[in-house]
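**Q** data.tsv (TSV, C-alpha atoms and all ligand atoms) pasted underneath:
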```tsv
chain	number	residue	atom	x	y	z
A	1112	MET	CA	0.00	0.00	0.00
A	1113	LEU	CA	2.78	2.39	1.03
A	1114	ASN	CA	4.64	1.48	-2.15
A	1115	ILE	CA	1.66	2.41	-4.29
A	1116	LEU	CA	1.39	5.74	-2.48
A	1117	HIS	CA	5.11	6.45	-3.05
A	1118	HIS	CA	4.71	5.53	-6.69
A	1119	TYR	CA	1.59	7.62	-7.22
A	1120	ILE	CA	3.21	10.68	-5.65
A	1121	GLY	CA	6.43	10.07	-7.60
A	1122	THR	CA	4.97	9.60	-11.06
A	1123	LYS	CA	1.55	11.24	-11.16
A	1124	ILE	CA	2.02	14.34	-9.03
A	1125	LEU	CA	5.68	15.31	-8.89
A	1126	ASN	CA	6.35	15.04	-12.60
A	1127	ARG	CA	3.81	17.84	-13.23
A	1128	ILE	CA	5.46	20.40	-10.99
A	1129	GLU	CA	8.47	22.64	-11.78
A	1130	PRO	CA	11.41	20.19	-11.57
A	1131	GLU	CA	13.39	21.69	-8.71
A	1132	ILE	CA	10.28	22.33	-6.61
A	1133	SER	CA	9.19	18.78	-7.31
A	1134	HIS	CA	12.58	17.51	-6.13
A	1135	ALA	CA	12.28	19.58	-2.95
A	1136	ILE	CA	8.82	18.09	-2.27
A	1137	ALA	CA	10.15	14.56	-2.86
A	1138	LEU	CA	12.95	15.23	-0.39
A	1139	CYS	CA	10.47	16.54	2.22
A	1140	TYR	CA	8.45	13.38	1.87
A	1141	LEU	CA	11.56	11.19	2.05
A	1142	ARG	CA	12.83	13.07	5.12
A	1143	LEU	CA	9.61	12.12	6.84
A	1144	LEU	CA	9.94	8.51	5.73
A	1145	ASN	CA	13.57	8.57	6.85
A	1146	GLN	CA	12.46	9.14	10.45
A	1147	PHE	CA	10.36	6.00	10.51
A	1148	VAL	CA	12.19	3.38	8.47
A	1149	LYS	CA	13.94	0.90	10.68
A	1150	LYS	CA	14.64	-1.87	8.20
A	1151	ARG	CA	14.63	-2.54	4.49
A	1152	LYS	CA	13.03	-5.34	2.53
A	1153	ILE	CA	15.19	-8.33	1.70
A	1154	GLY	CA	15.63	-8.41	-2.08
A	1155	ASN	CA	15.85	-11.41	-4.35
A	1156	PRO	CA	18.79	-13.57	-3.14
A	1157	MET	CA	19.95	-14.05	-6.74
A	1158	LEU	CA	20.68	-10.35	-7.05
A	1159	LYS	CA	22.89	-10.17	-3.99
A	1160	THR	CA	26.40	-9.20	-4.95
A	1161	LYS	CA	29.62	-7.63	-3.69
A	1162	ILE	CA	31.17	-4.35	-4.84
A	1163	CYS	CA	34.78	-4.14	-3.63
A	1164	GLY	CA	33.91	-6.38	-0.70
A	1165	MET	CA	30.73	-4.43	0.16
A	1166	GLU	CA	27.72	-6.72	0.26
A	1167	VAL	CA	24.66	-5.26	-1.46
A	1168	PRO	CA	21.22	-6.90	-1.81
A	1169	SER	CA	20.95	-5.74	-5.41
A	1170	PRO	CA	23.28	-4.12	-7.97
A	1171	ILE	CA	20.85	-1.23	-8.58
A	1172	GLY	CA	22.07	1.90	-6.81
A	1173	LEU	CA	20.88	5.50	-6.58
A	1174	ALA	CA	23.28	7.86	-8.37
A	1175	ALA	CA	24.82	10.97	-6.82
A	1176	GLY	CA	22.93	14.24	-6.98
A	1177	PHE	CA	19.53	13.09	-5.72
A	1178	ASP	CA	20.37	13.17	-2.01
A	1179	LYS	CA	22.94	15.97	-2.13
A	1180	ASN	CA	23.09	16.44	1.66
A	1181	ALA	CA	22.85	12.83	2.87
A	1182	GLU	CA	19.47	13.53	4.43
A	1183	VAL	CA	17.39	10.62	3.15
A	1184	PHE	CA	19.72	7.65	2.62
A	1185	ASN	CA	17.71	5.25	4.82
A	1186	ALA	CA	14.49	6.25	3.06
A	1187	THR	CA	15.98	5.70	-0.41
A	1188	LEU	CA	17.46	2.37	0.69
A	1189	SER	CA	13.99	1.38	1.91
A	1190	LEU	CA	12.53	2.14	-1.54
A	1191	GLY	CA	14.54	-0.80	-2.89
A	1192	PHE	CA	17.93	0.56	-3.96
A	1193	GLY	CA	20.77	-1.89	-3.33
A	1194	PHE	CA	23.06	0.99	-2.32
A	1195	VAL	CA	22.99	4.76	-2.48
A	1196	GLU	CA	25.52	7.49	-3.21
A	1197	VAL	CA	25.00	10.85	-1.50
A	1198	GLY	CA	26.53	14.20	-2.52
A	1199	THR	CA	28.26	15.83	-4.22
A	1200	ILE	CA	29.58	17.35	-0.99
A	1201	THR	CA	32.03	20.27	-1.07
A	1202	PRO	CA	34.06	21.72	1.83
A	1203	ASP	CA	31.92	24.87	2.20
A	1204	PRO	CA	28.17	25.11	1.73
A	1205	GLN	CA	27.19	26.69	-1.58
A	1206	PHE	CA	23.98	27.73	-3.33
A	1207	GLY	CA	24.99	26.45	-6.76
A	1208	ASN	CA	24.12	28.12	-10.05
A	1209	PRO	CA	21.23	30.58	-10.43
A	1210	LYS	CA	17.74	29.07	-10.98
A	1211	PRO	CA	16.18	27.78	-13.17
A	1212	ARG	CA	18.83	25.08	-13.45
A	1213	LEU	CA	16.93	21.81	-13.85
A	1214	PHE	CA	14.85	21.04	-16.94
A	1215	ARG	CA	12.76	18.07	-18.11
A	1216	LEU	CA	12.75	16.85	-21.72
A	1217	PRO	CA	9.93	14.30	-21.43
A	1218	GLU	CA	9.87	13.31	-25.12
A	1219	GLU	CA	13.55	12.45	-24.91
A	1220	LYS	CA	13.24	10.84	-21.44
A	1221	ALA	CA	16.02	13.17	-20.39
A	1222	LEU	CA	16.95	15.90	-17.92
A	1223	ILE	CA	19.27	18.84	-18.32
A	1224	ASN	CA	20.81	20.20	-15.15
A	1225	ARG	CA	23.26	22.90	-14.25
A	1226	MET	CA	22.80	22.67	-10.49
A	1227	GLY	CA	26.47	23.41	-9.72
A	1228	PHE	CA	26.99	21.38	-6.52
A	1229	ASN	CA	24.30	23.05	-4.43
A	1230	ASN	CA	24.92	21.50	-1.00
A	1231	LYS	CA	25.14	22.30	2.69
A	1232	GLY	CA	28.84	21.50	2.99
A	1233	MET	CA	30.90	18.86	4.80
A	1234	LEU	CA	30.24	20.06	8.36
A	1235	HIS	CA	26.47	19.73	7.98
A	1236	VAL	CA	26.84	16.31	6.37
A	1237	SER	CA	29.29	15.04	9.01
A	1238	LYS	CA	26.66	15.66	11.69
A	1239	ILE	CA	23.91	13.68	10.03
A	1240	ALA	CA	25.99	10.91	8.50
A	1241	GLU	CA	26.81	9.40	11.89
A	1242	LYS	CA	23.28	8.02	11.99
A	1243	PRO	CA	23.07	4.19	11.62
A	1244	LYS	CA	22.67	3.19	8.01
A	1245	LEU	CA	20.36	0.48	6.68
A	1246	GLY	CA	22.78	-0.46	3.90
A	1247	ILE	CA	25.77	0.60	1.85
A	1248	VAL	CA	26.03	4.39	1.53
A	1249	GLY	CA	28.83	6.02	-0.44
A	1250	VAL	CA	29.70	9.70	-0.54
A	1251	ASN	CA	30.54	11.67	-3.67
A	1252	ILE	CA	32.96	14.56	-3.08
A	1253	GLY	CA	33.82	17.69	-5.08
A	1254	ALA	CA	35.32	21.16	-5.00
A	1255	ASN	CA	33.73	24.53	-4.29
A	1256	ALA	CA	33.14	26.75	-7.32
A	1257	LYS	CA	35.09	29.64	-5.79
A	1258	SER	CA	37.94	27.56	-4.47
A	1259	ILE	CA	41.40	28.63	-5.61
A	1260	ASN	CA	42.91	25.23	-4.81
A	1261	LYS	CA	40.42	22.65	-6.03
A	1262	ILE	CA	42.82	19.74	-5.41
A	1263	LEU	CA	43.00	20.64	-1.72
A	1264	ASP	CA	39.19	20.67	-1.51
A	1265	TYR	CA	39.09	16.93	-2.25
A	1266	THR	CA	41.64	16.17	0.48
A	1267	ASN	CA	39.75	18.35	2.96
A	1268	VAL	CA	36.38	16.73	2.37
A	1269	PHE	CA	37.91	13.26	2.31
A	1270	GLU	CA	39.66	13.82	5.64
A	1271	PHE	CA	36.51	15.22	7.21
A	1272	ILE	CA	33.89	12.68	6.19
A	1273	ALA	CA	35.34	9.56	4.50
A	1274	HIS	CA	35.22	7.53	7.75
A	1275	LEU	CA	31.44	8.06	7.98
A	1276	PHE	CA	30.70	6.28	4.68
A	1277	ASP	CA	31.23	2.90	3.07
A	1278	TYR	CA	33.03	4.27	0.02
A	1279	VAL	CA	34.08	7.59	-1.48
A	1280	THR	CA	33.64	8.76	-5.07
A	1281	ILE	CA	35.90	11.49	-6.36
A	1282	ASN	CA	33.83	13.51	-8.78
A	1283	VAL	CA	36.03	15.13	-11.41
A	1284	SER	CA	33.38	15.01	-14.10
A	1285	SER	CA	30.59	17.44	-13.31
A	1286	PRO	CA	30.19	19.88	-16.22
A	1287	ASN	CA	28.59	22.51	-13.98
A	1288	THR	CA	31.59	23.75	-12.00
A	1289	LYS	CA	33.98	25.75	-14.17
A	1290	ASN	CA	37.18	23.82	-15.01
A	1291	LEU	CA	36.26	20.86	-12.79
A	1292	ARG	CA	36.58	18.41	-15.67
A	1293	ASP	CA	40.20	19.55	-16.16
A	1294	LEU	CA	40.95	17.64	-12.96
A	1295	GLN	CA	40.58	14.45	-15.03
A	1296	LYS	CA	43.96	15.28	-16.61
A	1297	PRO	CA	46.31	12.49	-15.57
A	1298	GLU	CA	48.84	14.70	-13.69
A	1299	THR	CA	46.11	16.46	-11.70
A	1300	LEU	CA	44.16	13.29	-11.01
A	1301	GLU	CA	47.34	11.63	-9.79
A	1302	GLN	CA	47.96	14.50	-7.38
A	1303	ILE	CA	44.42	14.23	-5.95
A	1304	LEU	CA	44.78	10.48	-5.56
A	1305	GLN	CA	48.16	10.65	-3.87
A	1306	ASP	CA	46.89	13.21	-1.35
A	1307	VAL	CA	43.71	11.28	-0.65
A	1308	ASN	CA	45.58	7.97	-0.34
A	1309	THR	CA	47.86	9.43	2.32
A	1310	ILE	CA	44.78	10.10	4.42
A	1311	ASN	CA	43.09	6.83	3.53
A	1312	VAL	CA	45.97	4.68	4.84
A	1313	SER	CA	45.80	6.48	8.18
A	1314	LEU	CA	42.10	5.69	8.68
A	1315	LYS	CA	41.05	2.86	11.02
A	1316	ARG	CA	39.09	1.41	8.11
A	1317	LYS	CA	40.46	2.14	4.65
A	1318	VAL	CA	37.57	3.07	2.33
A	1319	PRO	CA	37.25	1.98	-1.29
A	1320	ILE	CA	37.81	4.95	-3.62
A	1321	PHE	CA	35.99	5.40	-6.95
A	1322	ILE	CA	36.60	7.94	-9.70
A	1323	LYS	CA	33.54	9.19	-11.58
A	1324	ILE	CA	34.36	10.15	-15.15
A	1325	ALA	CA	32.72	12.11	-17.93
A	1326	PRO	CA	31.24	10.55	-21.06
A	1327	ASP	CA	32.75	13.25	-23.27
A	1328	LEU	CA	36.29	11.85	-23.40
A	1329	ASN	CA	38.22	10.27	-26.23
A	1330	ASP	CA	39.57	6.73	-26.00
A	1331	SER	CA	43.16	7.68	-25.31
A	1332	ILE	CA	42.24	9.95	-22.40
A	1333	VAL	CA	39.96	7.29	-20.92
A	1334	THR	CA	42.84	4.82	-21.12
A	1335	GLU	CA	45.22	7.29	-19.47
A	1336	ILE	CA	42.74	7.98	-16.67
A	1337	LEU	CA	42.36	4.25	-16.13
A	1338	SER	CA	46.14	3.77	-15.81
A	1339	VAL	CA	46.44	6.61	-13.29
A	1340	CYS	CA	43.59	5.09	-11.28
A	1341	GLU	CA	45.12	1.63	-11.29
A	1342	GLU	CA	48.59	2.92	-10.39
A	1343	ASN	CA	47.09	4.84	-7.47
A	1344	TYR	CA	45.03	2.12	-5.80
A	1345	VAL	CA	41.59	3.25	-6.98
A	1346	SER	CA	39.06	0.47	-6.35
A	1347	GLY	CA	36.84	1.34	-9.27
A	1348	LEU	CA	35.47	3.77	-11.83
A	1349	ILE	CA	31.94	5.10	-12.22
A	1350	ALA	CA	31.03	5.60	-15.85
A	1351	THR	CA	29.57	8.12	-16.39
A	1352	ASN	CA	28.43	11.57	-15.37
A	1353	THR	CA	26.16	13.71	-17.60
A	1354	THR	CA	27.12	14.70	-21.15
A	1355	ILE	CA	27.57	18.18	-22.59
A	1356	ASN	CA	26.99	16.88	-26.11
A	1357	PRO	CA	23.75	18.21	-27.66
A	1358	LYS	CA	24.11	15.82	-30.62
A	1359	ASN	CA	22.79	13.07	-28.37
A	1360	LEU	CA	19.31	14.57	-28.52
A	1361	LYS	CA	16.78	13.52	-31.17
A	1362	ASN	CA	16.21	17.22	-31.81
A	1363	PRO	CA	19.70	18.56	-31.22
A	1364	ASN	CA	19.49	21.90	-29.49
A	1365	SER	CA	22.33	23.60	-27.74
A	1366	PHE	CA	21.99	23.68	-23.96
A	1367	GLU	CA	23.95	24.78	-20.96
A	1368	GLY	CA	24.53	22.07	-18.39
A	1369	GLY	CA	24.65	18.28	-18.34
A	1370	LEU	CA	22.29	15.96	-20.18
A	1371	SER	CA	21.17	12.72	-18.50
A	1372	GLY	CA	18.69	9.95	-19.25
A	1373	LYS	CA	18.03	8.03	-22.47
A	1374	PRO	CA	20.24	10.13	-24.79
A	1375	LEU	CA	23.22	9.26	-22.56
A	1376	PHE	CA	22.77	5.48	-22.63
A	1377	ASN	CA	24.91	4.59	-25.67
A	1378	GLN	CA	27.58	7.15	-24.97
A	1379	SER	CA	28.10	6.03	-21.37
A	1380	ASN	CA	28.10	2.39	-22.53
A	1381	LYS	CA	30.88	3.17	-24.99
A	1382	ILE	CA	33.09	4.39	-22.14
A	1383	LEU	CA	32.07	1.43	-19.98
A	1384	ARG	CA	32.97	-1.05	-22.70
A	1385	LEU	CA	36.37	0.56	-23.25
A	1386	LEU	CA	37.16	0.54	-19.53
A	1387	ALA	CA	36.03	-3.08	-19.24
A	1388	LYS	CA	38.31	-4.13	-22.10
A	1389	ARG	CA	41.38	-2.35	-20.77
A	1390	LYS	CA	41.08	-2.65	-16.99
A	1391	ASN	CA	42.88	-4.97	-14.58
A	1392	ALA	CA	40.76	-7.81	-13.24
A	1393	SER	CA	40.54	-6.26	-9.77
A	1394	THR	CA	39.23	-2.84	-10.92
A	1395	VAL	CA	35.48	-2.60	-10.41
A	1396	LEU	CA	33.16	-0.71	-12.76
A	1397	ILE	CA	29.83	0.91	-11.92
A	1398	GLY	CA	27.68	1.74	-14.95
A	1399	VAL	CA	25.52	4.89	-14.95
A	1400	GLY	CA	23.65	6.73	-17.67
A	1401	GLY	CA	20.26	6.31	-19.29
A	1402	ILE	CA	18.92	3.28	-17.44
A	1403	PHE	CA	15.15	2.93	-17.79
A	1404	SER	CA	14.62	-0.85	-17.80
A	1405	ALA	CA	16.01	-4.17	-16.58
A	1406	SER	CA	17.44	-4.82	-20.03
A	1407	ASP	CA	19.36	-1.51	-19.82
A	1408	ILE	CA	20.82	-2.72	-16.52
A	1409	TYR	CA	21.60	-6.12	-17.96
A	1410	GLU	CA	23.39	-4.54	-20.92
A	1411	LYS	CA	25.63	-2.51	-18.61
A	1412	ILE	CA	26.38	-5.61	-16.52
A	1413	MET	CA	27.24	-7.61	-19.65
A	1414	LEU	CA	29.49	-4.74	-20.74
A	1415	GLY	CA	31.47	-5.06	-17.52
A	1416	ALA	CA	29.61	-3.23	-14.75
A	1417	SER	CA	29.48	-5.01	-11.39
A	1418	ALA	CA	26.71	-2.64	-10.36
A	1419	VAL	CA	24.73	0.27	-11.80
A	1420	GLN	CA	23.30	3.58	-10.65
A	1421	ILE	CA	20.18	5.44	-11.74
A	1422	TYR	CA	18.94	9.00	-11.49
A	1423	THR	CA	16.82	10.18	-14.44
A	1424	GLY	CA	14.99	6.85	-14.87
A	1425	PHE	CA	14.01	7.04	-11.20
A	1426	VAL	CA	12.66	10.56	-11.66
A	1427	TYR	CA	10.49	9.53	-14.65
A	1428	ASN	CA	9.38	6.06	-13.54
A	1429	GLY	CA	9.07	6.43	-9.78
A	1430	PRO	CA	10.05	4.18	-6.91
A	1431	MET	CA	7.98	1.08	-7.73
A	1432	HIS	CA	9.95	0.71	-10.92
A	1433	ILE	CA	13.06	-0.27	-8.93
A	1434	LYS	CA	11.47	-3.45	-7.57
A	1435	ARG	CA	9.95	-4.20	-10.98
A	1436	MET	CA	13.36	-3.92	-12.66
A	1437	GLU	CA	14.82	-6.19	-9.97
A	1438	MET	CA	12.34	-8.94	-10.84
A	1439	GLU	CA	12.89	-8.53	-14.56
A	1440	LEU	CA	16.66	-8.54	-14.13
A	1441	LYS	CA	16.43	-11.83	-12.26
A	1442	ASN	CA	14.44	-13.30	-15.17
A	1443	LEU	CA	16.94	-12.01	-17.74
A	1444	LEU	CA	19.80	-13.65	-15.82
A	1445	LEU	CA	17.90	-16.94	-15.53
A	1446	SER	CA	16.96	-16.98	-19.19
A	1447	ASP	CA	20.66	-16.77	-20.11
A	1448	GLY	CA	21.54	-19.51	-17.62
A	1449	TYR	CA	23.15	-17.32	-14.93
A	1450	ASN	CA	22.30	-17.82	-11.29
A	1451	SER	CA	24.13	-14.73	-10.05
A	1452	ILE	CA	25.13	-11.25	-11.20
A	1453	ASP	CA	28.80	-12.16	-11.07
A	1454	GLY	CA	28.50	-14.72	-13.84
A	1455	ALA	CA	27.10	-12.15	-16.26
A	1456	VAL	CA	29.56	-9.32	-15.56
A	1457	GLY	CA	31.47	-8.57	-18.76
A	1458	ALA	CA	29.90	-11.44	-20.73
A	1459	LEU	CA	29.69	-9.27	-23.88
A	1460	ILE	CA	33.34	-8.35	-23.93
A	1461	ARG	CA	34.93	-11.69	-23.09
B	1501	LIG	C1	19.63	16.91	-11.27
B	1501	LIG	C2	20.90	16.13	-11.29
B	1501	LIG	C3	21.90	16.40	-10.36
B	1501	LIG	C4	23.08	15.67	-10.39
B	1501	LIG	N1	24.04	15.93	-9.45
B	1501	LIG	C5	25.17	15.19	-9.42
B	1501	LIG	C6	26.14	15.41	-8.42
B	1501	LIG	O1	25.99	16.25	-7.53
B	1501	LIG	N2	27.27	14.65	-8.47
B	1501	LIG	C7	27.47	13.68	-9.42
B	1501	LIG	O2	28.51	13.00	-9.40
B	1501	LIG	N3	26.54	13.45	-10.37
B	1501	LIG	C8	25.41	14.17	-10.38
B	1501	LIG	N4	24.47	13.92	-11.34
B	1501	LIG	C9	24.73	12.90	-12.38
B	1501	LIG	C10	24.12	11.55	-12.02
B	1501	LIG	O3	24.68	11.03	-10.85
B	1501	LIG	C11	24.34	10.54	-13.17
B	1501	LIG	O4	25.72	10.31	-13.33
B	1501	LIG	C12	23.77	11.03	-14.50
B	1501	LIG	O5	22.57	11.71	-14.31
B	1501	LIG	C13	23.55	9.86	-15.49
B	1501	LIG	O6	22.63	8.94	-14.99
B	1501	LIG	P1	21.06	8.93	-15.42
B	1501	LIG	O7	21.01	8.98	-16.91
B	1501	LIG	O8	20.50	7.68	-14.81
B	1501	LIG	O9	20.49	10.16	-14.81
B	1501	LIG	C14	23.27	14.65	-11.35
B	1501	LIG	C15	22.26	14.37	-12.27
B	1501	LIG	C16	21.08	15.09	-12.26
B	1501	LIG	C17	20.01	14.78	-13.26
```
Turn this file's structure into structure tokens for me.
Ligand SMILES: Cc1cc2nc3c(=O)[nH]c(=O)nc-3n(C[C@H](O)[C@H](O)[C@H](O)COP(=O)(O)O)c2cc1C

**A**
Amino acid sequence: MLNILHHYIGTKILNRIEPEISHAIALCYLRLLNQFVKKRKIGNPMLKTKICGMEVPSPIGLAAGFDKNAEVFNATLSLGFGFVEVGTITPDPQFGNPKPRLFRLPEEKALINRMGFNNKGMLHVSKIAEKPKLGIVGVNIGANAKSINKILDYTNVFEFIAHLFDYVTINVSSPNTKNLRDLQKPETLEQILQDVNTINVSLKRKVPIFIKIAPDLNDSIVTEILSVCEENYVSGLIATNTTINPKNLKNPNSFEGGLSGKPLFNQSNKILRLLAKRKNASTVLIGVGGIFSASDIYEKIMLGASAVQIYTGFVYNGPMHIKRMEMELKNLLLSDGYNSIDGAVGALIR
């Protein structure tokens, strides 16, 4: 009954309201739910898997950007996500870019956003993230728009909050903070990783580190980024963030910001496939971009993703769709003779 209510609110009401207001209403509702949830439903045992040693009940995660301030992670876990990623969190609180900055393209099943890391900062998040968690919660970290030393911002946030989360994602791929994507350059990325690793080894519990990359990169840069990650003990890569490429739209129109949803599916898969072909066996991949169905998830898994994350598909299809995709994913695995996710990972590139 509660599921139907969540779904009705998510798909029938919220999708008719101005996008950022609708997101704020969803968060209000989830904050309320967050107070009451004490446990989450056990998923289908076949979908249980491990990401860098972290046990998750399903490989379907919530992508960064939905719960920017880590306020509703238990509520989103209770909706059926196997794991959730909060953030992006920066050292100082910031408002982000001027509104309007979030747009729906319903015919394209897409969103355009230029939010610009609106978040309440690491101090605020550190206070609420101590709360017991109902599952695996990762934190995505970034730099302040006005920062003069963006590399130092990553070290500062990592030092302040990494110990409160199961894993940390270093976001060097948002298109909405000026010059942030330049941090993907191998020399700069290496510097960030060395600094963060120095802190990580001093923690009581070392956390797995992921790098989230952009879809708008050529093959040789992707390969270089992968080498830097593997030389600097990165556990995995998240492919990908939003695209700045208007050509992905059916009706190409220039836009300012990042495009997510259906038009991103093939482009993010191209990066995923390349990473899967070139990576070391121990490097884990998480596939993100344009997932709307179980077969989209299955395709990313077969291309080498050990898990996936969703944002835009969740906005359009609502919370009940997560459980539905779980069931369908189980059937897709069974019909190809797999009895676990692990067996199918990378099947298309072997
Ligand atoms: C409104 C919005 C805000 C986002 N904010 C962040 C963010 O703060 N950090 C981040 O790493 N990715 C952010 N993303 C990107 C998503 O995490 C994801 O990589 C991208 O949307 C592709 O997945 P999708 O097609 O399922 O939406 C955001 C996406 C949207 C639509």

**Q** Using all atoms listed in the file, can you tell me which of A:Ile1252, A:Met1436, A:Cys1340, A:Met1157 comes closest to Asn1391 of chain A?

**A** A:Cys1340

**Q** Counting all atoms listed in the file, which of A:Asn1208, A:Thr1201, A:Thr1394, A:Glu1241 gets nearest to Phe1269 of chain A?

**A** A:Thr1201

**Q** Pick the closest to Pro1211 of chain A from A:Gly1368, A:Pro1156, A:Pro1286, A:Gly1415: which is it, counting all atoms listed in the file?

**A**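 So, comparing all the options, the nearest one is A:Gly1368.
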
**Q** As an exercise, work out the distance from atom CA of Gly1249 of chain A to atom CA of Thr1280 of chain A in Å and give it to one decimal place.

**A**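 Atom-to-atom, atom CA of Gly1249 of chain A to atom CA of Thr1280 of chain A, that is 7.2 Å.
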
**Q** What do you get as a count of residues only if you pick all residues at most 6 Å from ligand LIG 1501 (chain B), counting only C-alpha atoms and all ligand atoms?

**A** 22

**Q** Could you work out how far atom CA of Val1419 of chain A lies from atom CA of Leu1445 of chain A, giving the answer in Å with one decimal?

**A**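 Separating atom CA of Leu1445 of chain A from atom CA of Val1419 of chain A is a distance of 18.9 Å.
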
**Q** Any idea what's packed within 7 Å of segment 1409-1411 of chain A, counting all atoms listed in the file, ignoring anything in its chain fewer than 4 positions away? Could you give it as a list in words?

**A**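 Listed by chain and then number, they are Asn1380, Gly1398, Ala1405, Gly1415, Ala1416 and Leu1440 of chain A.
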
**Q** Between A:Ala1221, A:Leu1263, A:Ile1247, A:Val1395, single out the one closest to Phe1376 of chain A, counting only C-alpha atoms.

**A** A:Ala1221

**Q** Quick one: pull the distance between atom CA of Ile1322 of chain A and atom CA of Ile1281 of chain A, Å, one decimal.

**A**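 Calculated distance between atom CA of Ile1322 of chain A and atom CA of Ile1281 of chain A is 4.9 Å.
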
**Q** Could the centre and edge lengths of an axis-aligned box, enclosing all atoms of segment 1393-1402 of chain A in the file with 4 Å extra on each side, be given in Å to one decimal as lines of an AutoDock Vina configuration file?

**A**
```
center_x = 29.7
center_y = 0.2
center_z = -14.5
size_x = 29.6
size_y = 21.0
size_z = 17.5
```

**Q** Distance cut-off 12 Å, centre (24.9, -9.2, -17.6) in file coordinates, counting all atoms listed in the file: which residues qualify? Return them as a short mmCIF file (atom, residue, chain, number, x, y, z; two decimals) with C-alpha atoms, in the coordinates of the input.

**A**
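In the end it all went to part.cif:
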```cif
data_model
loop_
_atom_site.label_atom_id
_atom_site.label_comp_id
_atom_site.auth_asym_id
_atom_site.auth_seq_id
_atom_site.Cartn_x
_atom_site.Cartn_y
_atom_site.Cartn_z
CA LEU A 1158 20.68 -10.35 -7.05
CA PRO A 1170 23.28 -4.12 -7.97
CA GLY A 1398 27.68 1.74 -14.95
CA ALA A 1405 16.01 -4.17 -16.58
CA SER A 1406 17.44 -4.82 -20.03
CA ASP A 1407 19.36 -1.51 -19.82
CA ILE A 1408 20.82 -2.72 -16.52
CA TYR A 1409 21.60 -6.12 -17.96
CA GLU A 1410 23.39 -4.54 -20.92
CA LYS A 1411 25.63 -2.51 -18.61
CA ILE A 1412 26.38 -5.61 -16.52
CA MET A 1413 27.24 -7.61 -19.65
CA LEU A 1414 29.49 -4.74 -20.74
CA GLY A 1415 31.47 -5.06 -17.52
CA ALA A 1416 29.61 -3.23 -14.75
CA SER A 1417 29.48 -5.01 -11.39
CA ALA A 1418 26.71 -2.64 -10.36
CA VAL A 1419 24.73 0.27 -11.80
CA LEU A 1440 16.66 -8.54 -14.13
CA LYS A 1441 16.43 -11.83 -12.26
CA ASN A 1442 14.44 -13.30 -15.17
CA LEU A 1443 16.94 -12.01 -17.74
CA LEU A 1444 19.80 -13.65 -15.82
CA LEU A 1445 17.90 -16.94 -15.53
CA SER A 1446 16.96 -16.98 -19.19
CA ASP A 1447 20.66 -16.77 -20.11
CA GLY A 1448 21.54 -19.51 -17.62
CA TYR A 1449 23.15 -17.32 -14.93
CA ASN A 1450 22.30 -17.82 -11.29
CA SER A 1451 24.13 -14.73 -10.05
CA ILE A 1452 25.13 -11.25 -11.20
CA ASP A 1453 28.80 -12.16 -11.07
CA GLY A 1454 28.50 -14.72 -13.84
CA ALA A 1455 27.10 -12.15 -16.26
CA VAL A 1456 29.56 -9.32 -15.56
CA GLY A 1457 31.47 -8.57 -18.76
CA ALA A 1458 29.90 -11.44 -20.73
CA LEU A 1459 29.69 -9.27 -23.88
CA ILE A 1460 33.34 -8.35 -23.93
CA ARG A 1461 34.93 -11.69 -23.09
#
```

**Q** As a list of chain:residue names, please: the residues near Lys1289 of chain A (cut-off 10 Å, all atoms listed in the file, same-chain neighbours under 6 positions excluded).

**A**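 Neighbouring residues, sequence-local ones excluded: A:Gly1227, A:Asn1255, A:Ala1256, A:Lys1257.
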
**Q** Please provide the set of residues having any atom within 12 Å of Tyr1278 of chain A, restricted to all atoms listed in the file, with same-chain residues fewer than 3 positions apart removed, written as an MDAnalysis selection string.

**A** chainID A and resid 1162:1165 1194:1197 1246:1252 1269 1272:1275 1281 1311 1316:1322 1345:1347

**Q** Restricting the calculation to all atoms listed in the file, which member of A:Ala1137, A:Ala1325, A:Leu1125, A:Val1312 is positioned closest to Tyr1427 of chain A?

**A**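 Ranked by minimum distance to Tyr1427 of chain A, first place goes to A:Leu1125.
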
**Q** Return the single residue from A:Met1438, A:Ile1259, A:Leu1213, A:Leu1188 that is closest to Ser1133 of chain A, with distances computed using all atoms listed in the file.

**A** A:Leu1213

**Q** Residues proximal to (15.9, 22.7, -28.5) were defined as those with any atom within 12 Å of that point in the file's coordinates, counting all atoms listed in the file. Which are they, as a list in words?

**A**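 Within the cut-off we find Phe1214, Arg1215, Leu1216, Glu1218, Glu1219, Ile1223, Pro1357, Lys1358, Asn1359, Leu1360, Lys1361, Asn1362, Pro1363, Asn1364, Ser1365, Phe1366 and Glu1367 of chain A.
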
**Q** If we count all atoms listed in the file, what is near Ser1189 of chain A at a cut-off of 9 Å, once residues fewer than 2 positions away on the same chain are taken out, given as an mmCIF file with C-alpha atoms, in the coordinates of the input?

**A**
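To be explicit, this is the file written out as out.cif:
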```
data_model
loop_
_atom_site.group_PDB
_atom_site.id
_atom_site.type_symbol
_atom_site.label_atom_id
_atom_site.label_comp_id
_atom_site.auth_asym_id
_atom_site.auth_seq_id
_atom_site.Cartn_x
_atom_site.Cartn_y
_atom_site.Cartn_z
ATOM 1 C CA ASN A 1145 13.570 8.570 6.850
ATOM 2 C CA VAL A 1148 12.190 3.380 8.470
ATOM 3 C CA LYS A 1149 13.940 0.900 10.680
ATOM 4 C CA LYS A 1150 14.640 -1.870 8.200
ATOM 5 C CA ARG A 1151 14.630 -2.540 4.490
ATOM 6 C CA LYS A 1152 13.030 -5.340 2.530
ATOM 7 C CA PHE A 1184 19.720 7.650 2.620
ATOM 8 C CA ASN A 1185 17.710 5.250 4.820
ATOM 9 C CA ALA A 1186 14.490 6.250 3.060
ATOM 10 C CA THR A 1187 15.980 5.700 -0.410
ATOM 11 C CA GLY A 1191 14.540 -0.800 -2.890
ATOM 12 C CA PHE A 1192 17.930 0.560 -3.960
ATOM 13 C CA LEU A 1245 20.360 0.480 6.680
#
```
